[in-house]
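As provided, model-v1.cif (mmCIF, C-alpha atoms) reads as follows.
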data_upload
#
loop_
_atom_site.label_atom_id
_atom_site.label_comp_id
_atom_site.auth_asym_id
_atom_site.auth_seq_id
_atom_site.Cartn_x
_atom_site.Cartn_y
_atom_site.Cartn_z
CA MET A 69 74.99 18.62 -55.20
CA ASN A 70 75.10 17.78 -51.50
CA HIS A 71 74.22 14.26 -50.51
CA ILE A 72 73.62 15.26 -46.91
CA ASN A 73 71.80 18.56 -46.40
CA LYS A 74 72.32 19.25 -42.71
CA ILE A 75 72.29 17.76 -39.24
CA GLU A 76 68.60 16.94 -38.71
CA HIS A 77 68.88 16.29 -34.97
CA LEU A 78 71.00 14.87 -32.17
CA GLY A 79 69.52 11.83 -30.44
CA ILE A 80 70.08 11.53 -26.70
CA ALA A 81 69.34 8.31 -24.80
CA VAL A 82 67.63 8.90 -21.44
CA LYS A 83 66.27 6.63 -18.71
CA ASP A 84 63.24 8.73 -17.77
CA ILE A 85 61.57 10.78 -20.53
CA ASN A 86 59.60 13.00 -18.11
CA LYS A 87 62.64 13.85 -16.00
CA ALA A 88 64.72 14.50 -19.14
CA ASN A 89 61.94 16.67 -20.65
CA SER A 90 62.01 18.79 -17.50
CA ILE A 91 65.81 19.16 -17.63
CA TYR A 92 65.91 20.07 -21.32
CA GLU A 93 62.94 22.42 -21.03
CA LYS A 94 64.84 24.36 -18.35
CA LEU A 95 68.10 24.18 -20.31
CA LEU A 96 66.70 25.22 -23.69
CA GLY A 97 63.91 27.52 -22.51
CA VAL A 98 61.25 25.79 -24.63
CA PRO A 99 58.98 22.77 -24.09
CA PRO A 100 59.17 19.77 -26.42
CA TYR A 101 57.12 20.39 -29.58
CA LYS A 102 56.26 16.72 -29.96
CA GLN A 103 56.31 13.50 -27.96
CA GLU A 104 55.52 10.21 -29.65
CA GLU A 105 56.00 6.50 -29.25
CA VAL A 106 57.63 4.47 -32.02
CA GLU A 107 56.44 0.95 -31.19
CA SER A 108 58.66 -0.76 -33.79
CA GLU A 109 61.74 0.67 -32.03
CA ALA A 110 60.33 0.31 -28.47
CA VAL A 111 60.99 3.99 -27.73
CA ILE A 112 59.20 7.09 -26.68
CA THR A 113 60.68 10.26 -28.15
CA SER A 114 60.50 13.95 -27.32
CA PHE A 115 61.63 16.63 -29.76
CA PHE A 116 62.91 20.07 -28.88
CA GLN A 117 63.45 22.82 -31.47
CA VAL A 118 66.04 25.50 -30.72
CA GLY A 119 66.48 27.86 -33.66
CA PRO A 120 67.25 25.65 -36.67
CA ASN A 121 68.44 22.80 -34.42
CA LYS A 122 66.60 19.84 -32.95
CA ILE A 123 67.26 17.51 -30.04
CA GLU A 124 65.51 14.13 -29.78
CA LEU A 125 65.28 12.49 -26.38
CA LEU A 126 64.82 8.70 -26.55
CA ALA A 127 63.63 6.51 -23.69
CA SER A 128 63.05 2.78 -23.95
CA THR A 129 59.56 1.39 -23.47
CA LYS A 130 60.97 -2.13 -22.87
CA ASP A 131 63.67 -3.41 -20.54
CA ASP A 132 65.35 -5.19 -23.46
CA GLY A 133 64.84 -2.40 -26.03
CA THR A 134 67.70 -0.92 -28.07
CA ILE A 135 67.86 2.26 -25.97
CA ALA A 136 67.73 0.31 -22.68
CA LYS A 137 70.65 -1.85 -23.88
CA PHE A 138 72.57 1.25 -25.00
CA ILE A 139 72.12 2.92 -21.59
CA GLU A 140 73.08 -0.29 -19.79
CA LYS A 141 76.31 -0.47 -21.82
CA ARG A 142 77.27 3.21 -22.14
CA GLY A 143 75.02 5.19 -19.83
CA GLU A 144 72.74 8.07 -20.76
CA GLY A 145 74.03 10.46 -23.40
CA ILE A 146 74.37 11.06 -27.11
CA HIS A 147 73.01 8.05 -28.98
CA HIS A 148 73.15 9.19 -32.62
CA ILE A 149 73.55 12.04 -35.08
CA ALA A 150 70.81 12.28 -37.69
CA PHE A 151 71.35 13.84 -41.10
CA ASP A 152 68.65 15.17 -43.42
CA VAL A 153 68.71 13.78 -46.98
CA GLU A 154 66.55 14.42 -50.04
CA ASN A 155 66.42 10.83 -51.33
CA ILE A 156 67.16 8.22 -48.68
CA GLU A 157 67.34 5.26 -51.11
CA LYS A 158 69.93 7.01 -53.31
CA GLU A 159 71.94 8.00 -50.25
CA LEU A 160 71.88 4.44 -48.88
CA ASP A 161 73.11 3.13 -52.25
CA ARG A 162 75.90 5.75 -52.35
CA LEU A 163 77.03 4.95 -48.80
CA LYS A 164 76.97 1.19 -49.47
CA LYS A 165 79.24 1.78 -52.49
CA GLU A 166 81.52 3.84 -50.22
CA GLY A 167 81.86 0.74 -47.99
CA PHE A 168 79.62 1.68 -45.05
CA THR A 169 77.57 -1.02 -43.31
CA ILE A 170 73.88 -0.18 -43.52
CA LEU A 171 71.75 -1.47 -40.64
CA ASN A 172 68.42 -1.17 -42.53
CA GLU A 173 68.35 -2.32 -46.15
CA LYS A 174 65.07 -0.46 -46.59
CA PRO A 175 64.11 2.81 -44.86
CA LYS A 176 61.47 2.49 -42.15
CA LEU A 177 59.03 4.86 -40.54
CA GLY A 178 60.61 6.88 -37.76
CA ALA A 179 59.48 9.63 -35.44
CA ASP A 180 58.67 13.21 -36.46
CA ASN A 181 57.24 12.36 -39.91
CA LYS A 182 60.46 10.82 -41.27
CA ARG A 183 61.64 7.78 -43.17
CA VAL A 184 64.86 6.63 -41.53
CA ALA A 185 67.80 4.25 -41.89
CA PHE A 186 70.92 3.74 -39.79
CA ILE A 187 74.60 3.28 -40.57
CA HIS A 188 76.66 1.00 -38.33
CA PRO A 189 78.98 2.87 -35.96
CA LYS A 190 81.94 0.56 -36.71
CA GLY A 191 82.48 2.47 -39.97
CA THR A 192 82.00 5.95 -38.50
CA ASN A 193 84.45 6.02 -35.59
CA GLY A 194 81.91 4.68 -33.12
CA VAL A 195 79.07 7.11 -33.94
CA LEU A 196 75.66 5.73 -34.92
CA ILE A 197 74.43 7.71 -37.94
CA GLU A 198 70.77 8.07 -38.87
CA LEU A 199 69.59 9.26 -42.27
CA CYS A 200 66.22 11.06 -42.29
CA GLU A 201 63.99 11.92 -45.22
CA GLU A 202 60.92 14.07 -44.57
CA ILE A 203 57.69 12.35 -45.64
CA LYS A 204 56.07 14.74 -48.08
#
Show me, as C-alpha cells, the structure contained in the file I just sent.
Amino acid sequence: MNHINKIEHLGIAVKDINKANSIYEKLLGVPPYKQEEVESEAVITSFFQVGPNKIELLASTKDDGTIAKFIEKRGEGIHHIAFDVENIEKELDRLKKEGFTILNEKPKLGADNKRVAFIHPKGTNGVLIELCEEIK
C-alpha cells in the first residue's frame, strides 16, 4: 500500500498574484480554476489544472507573512511540493517515526478543500513538503 499517492501540486511563491496569474494563464493555456485567501497562512492562492497536474501560486497578504519572508530570502519560485495522502494523521505518524520533523502536529485547513501539514525542509534536502488530504 502506498503511503503517498501522487504529487498533488507544486506551490510557487509569487510577489503579485494578478501578474503571475496572467503569466501562467498564457504559459499553460488555461485560466486558474480557483483563487482563494487562506487567512491563517496570510496568503492568497490561485490554482491551475493542466491534465492531471496542478500548480498553486501563493502570494502573501502581509509584509511579514511566510511567503513574503520566503521571497525576501530566496526570491520568487518553487516554494513546496505537495503530496496527496489518504490518511494524513497516519502519514504524519509514519513520517515522525522515520525521523522527519513535522511543522504541524495536527493537520489544518488549507486551500482547495484540503487538510494539510508540512514537513521541515532540513530533513528533505531543503525542500518544503506539504501533505494534503482531500476533505470528503
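Distances to Lys130 in chain A were evaluated for A:Lys83, A:Glu173, A:Glu157, A:Gly167 using all atoms listed in the file, and the minimum falls at A:Lys83.
You can rank A:Glu107, A:Asp180, A:Glu201, A:Asp152 by their closest distance to Ala127 in chain A using all atoms listed in the file, and at the top of that list sits A:Glu107.
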For Thr169 in chain A, which residue out of A:Phe138, A:Phe115, A:Phe186, A:Phe151 is the nearest one, using only C-alpha atoms? A:Phe186
For a cutoff of 7 Å around the file-coordinate point (60.3, 10.0, -40.5), which residues qualify once you count only C-alpha atoms? I'd like the result as a PyMOL selection string. chain A and resi 177-184+200-203
Residues matched by the PyMOL selection byres ((chain A and resi 133) around 12) as a ChimeraX atom specification: /A:81,83,106-112,126-132,134-140
Fewer than 2 positions away in the same chain doesn't count, so skip those; otherwise give me all residues within 12 Å of Tyr92 in chain A, counting all atoms listed in the file, as number ranges by chain. A: 80, 82, 85-90, 94-100, 114-118, 122-125
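One distance worth recording is that between CA of Asn73 in chain A and CA of Lys176 in chain A, which is 19.6 Å.
From CA of Glu154 in chain A back to CA of Lys174 in chain A, the distance works out to 15.3 Å.
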Which residues come within 9 Å of His71 in chain A, counting all atoms listed in the file, excluding same-chain residues fewer than 2 positions away, as a count of residues only? 8
List the residues matched by the PyMOL selection byres ((chain A and resi 192) around 12) in the displayed structure as a count of residues only, ordered by chain and then by residue number. 20
Show which residues sit within 10 Å of Asn121 in chain A, as a compact mmCIF listing (two decimals) with C-alpha atoms, keeping the file's coordinate frame. Count all atoms listed in the file, and ignore same-chain residues fewer than 5 positions away.
# COMPACT_ATOMS: atom_id res chain seq x y z
CA LYS A 74 72.32 19.25 -42.71
CA ILE A 75 72.29 17.76 -39.24
CA GLU A 76 68.60 16.94 -38.71
CA HIS A 77 68.88 16.29 -34.97
CA LEU A 78 71.00 14.87 -32.17
CA PHE A 116 62.91 20.07 -28.88
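Put simply, CA of Lys165 in chain A is 26.1 Å away from CA of Gly79 in chain A.
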For a quick check of understanding, using all atoms listed in the file, which of A:Ile72, A:Arg142, A:Ala150, A:Thr113 has the smallest distance to Tyr101 in chain A? A:Thr113
Rebuild N, CA, C and O atoms on range 104-120 of chain A, as a short mmCIF file (atom, residue, chain, number, x, y, z; two decimals), keeping the file's coordinate frame?
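Once everything was written out, this is rebuild-v4.cif:
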data_model
loop_
_atom_site.label_atom_id
_atom_site.label_comp_id
_atom_site.auth_asym_id
_atom_site.auth_seq_id
_atom_site.Cartn_x
_atom_site.Cartn_y
_atom_site.Cartn_z
N GLU A 104 56.22 11.32 -29.00
CA GLU A 104 55.52 10.21 -29.65
C GLU A 104 56.24 8.90 -29.38
O GLU A 104 57.44 8.87 -29.15
N GLU A 105 55.45 7.84 -29.43
CA GLU A 105 56.00 6.50 -29.25
C GLU A 105 56.20 5.88 -30.62
O GLU A 105 55.36 6.00 -31.51
N VAL A 106 57.35 5.23 -30.80
CA VAL A 106 57.63 4.47 -32.02
C VAL A 106 57.70 3.01 -31.57
O VAL A 106 58.72 2.55 -31.07
N GLU A 107 56.56 2.32 -31.71
CA GLU A 107 56.44 0.95 -31.19
C GLU A 107 57.46 0.00 -31.81
O GLU A 107 58.02 -0.83 -31.11
N SER A 108 57.72 0.15 -33.11
CA SER A 108 58.66 -0.76 -33.79
C SER A 108 60.06 -0.67 -33.21
O SER A 108 60.83 -1.62 -33.28
N GLU A 109 60.41 0.47 -32.62
CA GLU A 109 61.74 0.67 -32.03
C GLU A 109 61.70 0.57 -30.50
O GLU A 109 62.74 0.71 -29.86
N ALA A 110 60.53 0.38 -29.92
CA ALA A 110 60.33 0.31 -28.47
C ALA A 110 60.88 1.55 -27.77
O ALA A 110 61.59 1.45 -26.78
N VAL A 111 60.55 2.72 -28.33
CA VAL A 111 60.99 3.99 -27.73
C VAL A 111 59.86 4.99 -27.66
O VAL A 111 58.91 4.94 -28.43
N ILE A 112 60.01 5.90 -26.72
CA ILE A 112 59.20 7.09 -26.68
C ILE A 112 60.18 8.24 -26.92
O ILE A 112 61.28 8.23 -26.38
N THR A 113 59.78 9.17 -27.78
CA THR A 113 60.68 10.26 -28.15
C THR A 113 60.05 11.60 -27.80
O THR A 113 58.82 11.75 -27.82
N SER A 114 60.91 12.55 -27.49
CA SER A 114 60.50 13.95 -27.32
C SER A 114 61.42 14.79 -28.17
O SER A 114 62.64 14.58 -28.17
N PHE A 115 60.85 15.74 -28.90
CA PHE A 115 61.63 16.63 -29.76
C PHE A 115 61.59 18.06 -29.27
O PHE A 115 60.52 18.58 -28.96
N PHE A 116 62.75 18.66 -29.22
CA PHE A 116 62.91 20.07 -28.88
C PHE A 116 63.48 20.79 -30.10
O PHE A 116 64.38 20.28 -30.75
N GLN A 117 62.95 21.98 -30.38
CA GLN A 117 63.45 22.82 -31.47
C GLN A 117 64.08 24.05 -30.85
O GLN A 117 63.45 24.74 -30.04
N VAL A 118 65.33 24.31 -31.20
CA VAL A 118 66.04 25.50 -30.72
C VAL A 118 66.65 26.15 -31.95
O VAL A 118 67.61 25.64 -32.51
N GLY A 119 66.04 27.26 -32.40
CA GLY A 119 66.48 27.86 -33.66
C GLY A 119 66.32 26.82 -34.76
O GLY A 119 65.30 26.13 -34.83
N PRO A 120 67.34 26.64 -35.60
CA PRO A 120 67.25 25.65 -36.67
C PRO A 120 67.58 24.23 -36.20
O PRO A 120 67.51 23.29 -36.97
#
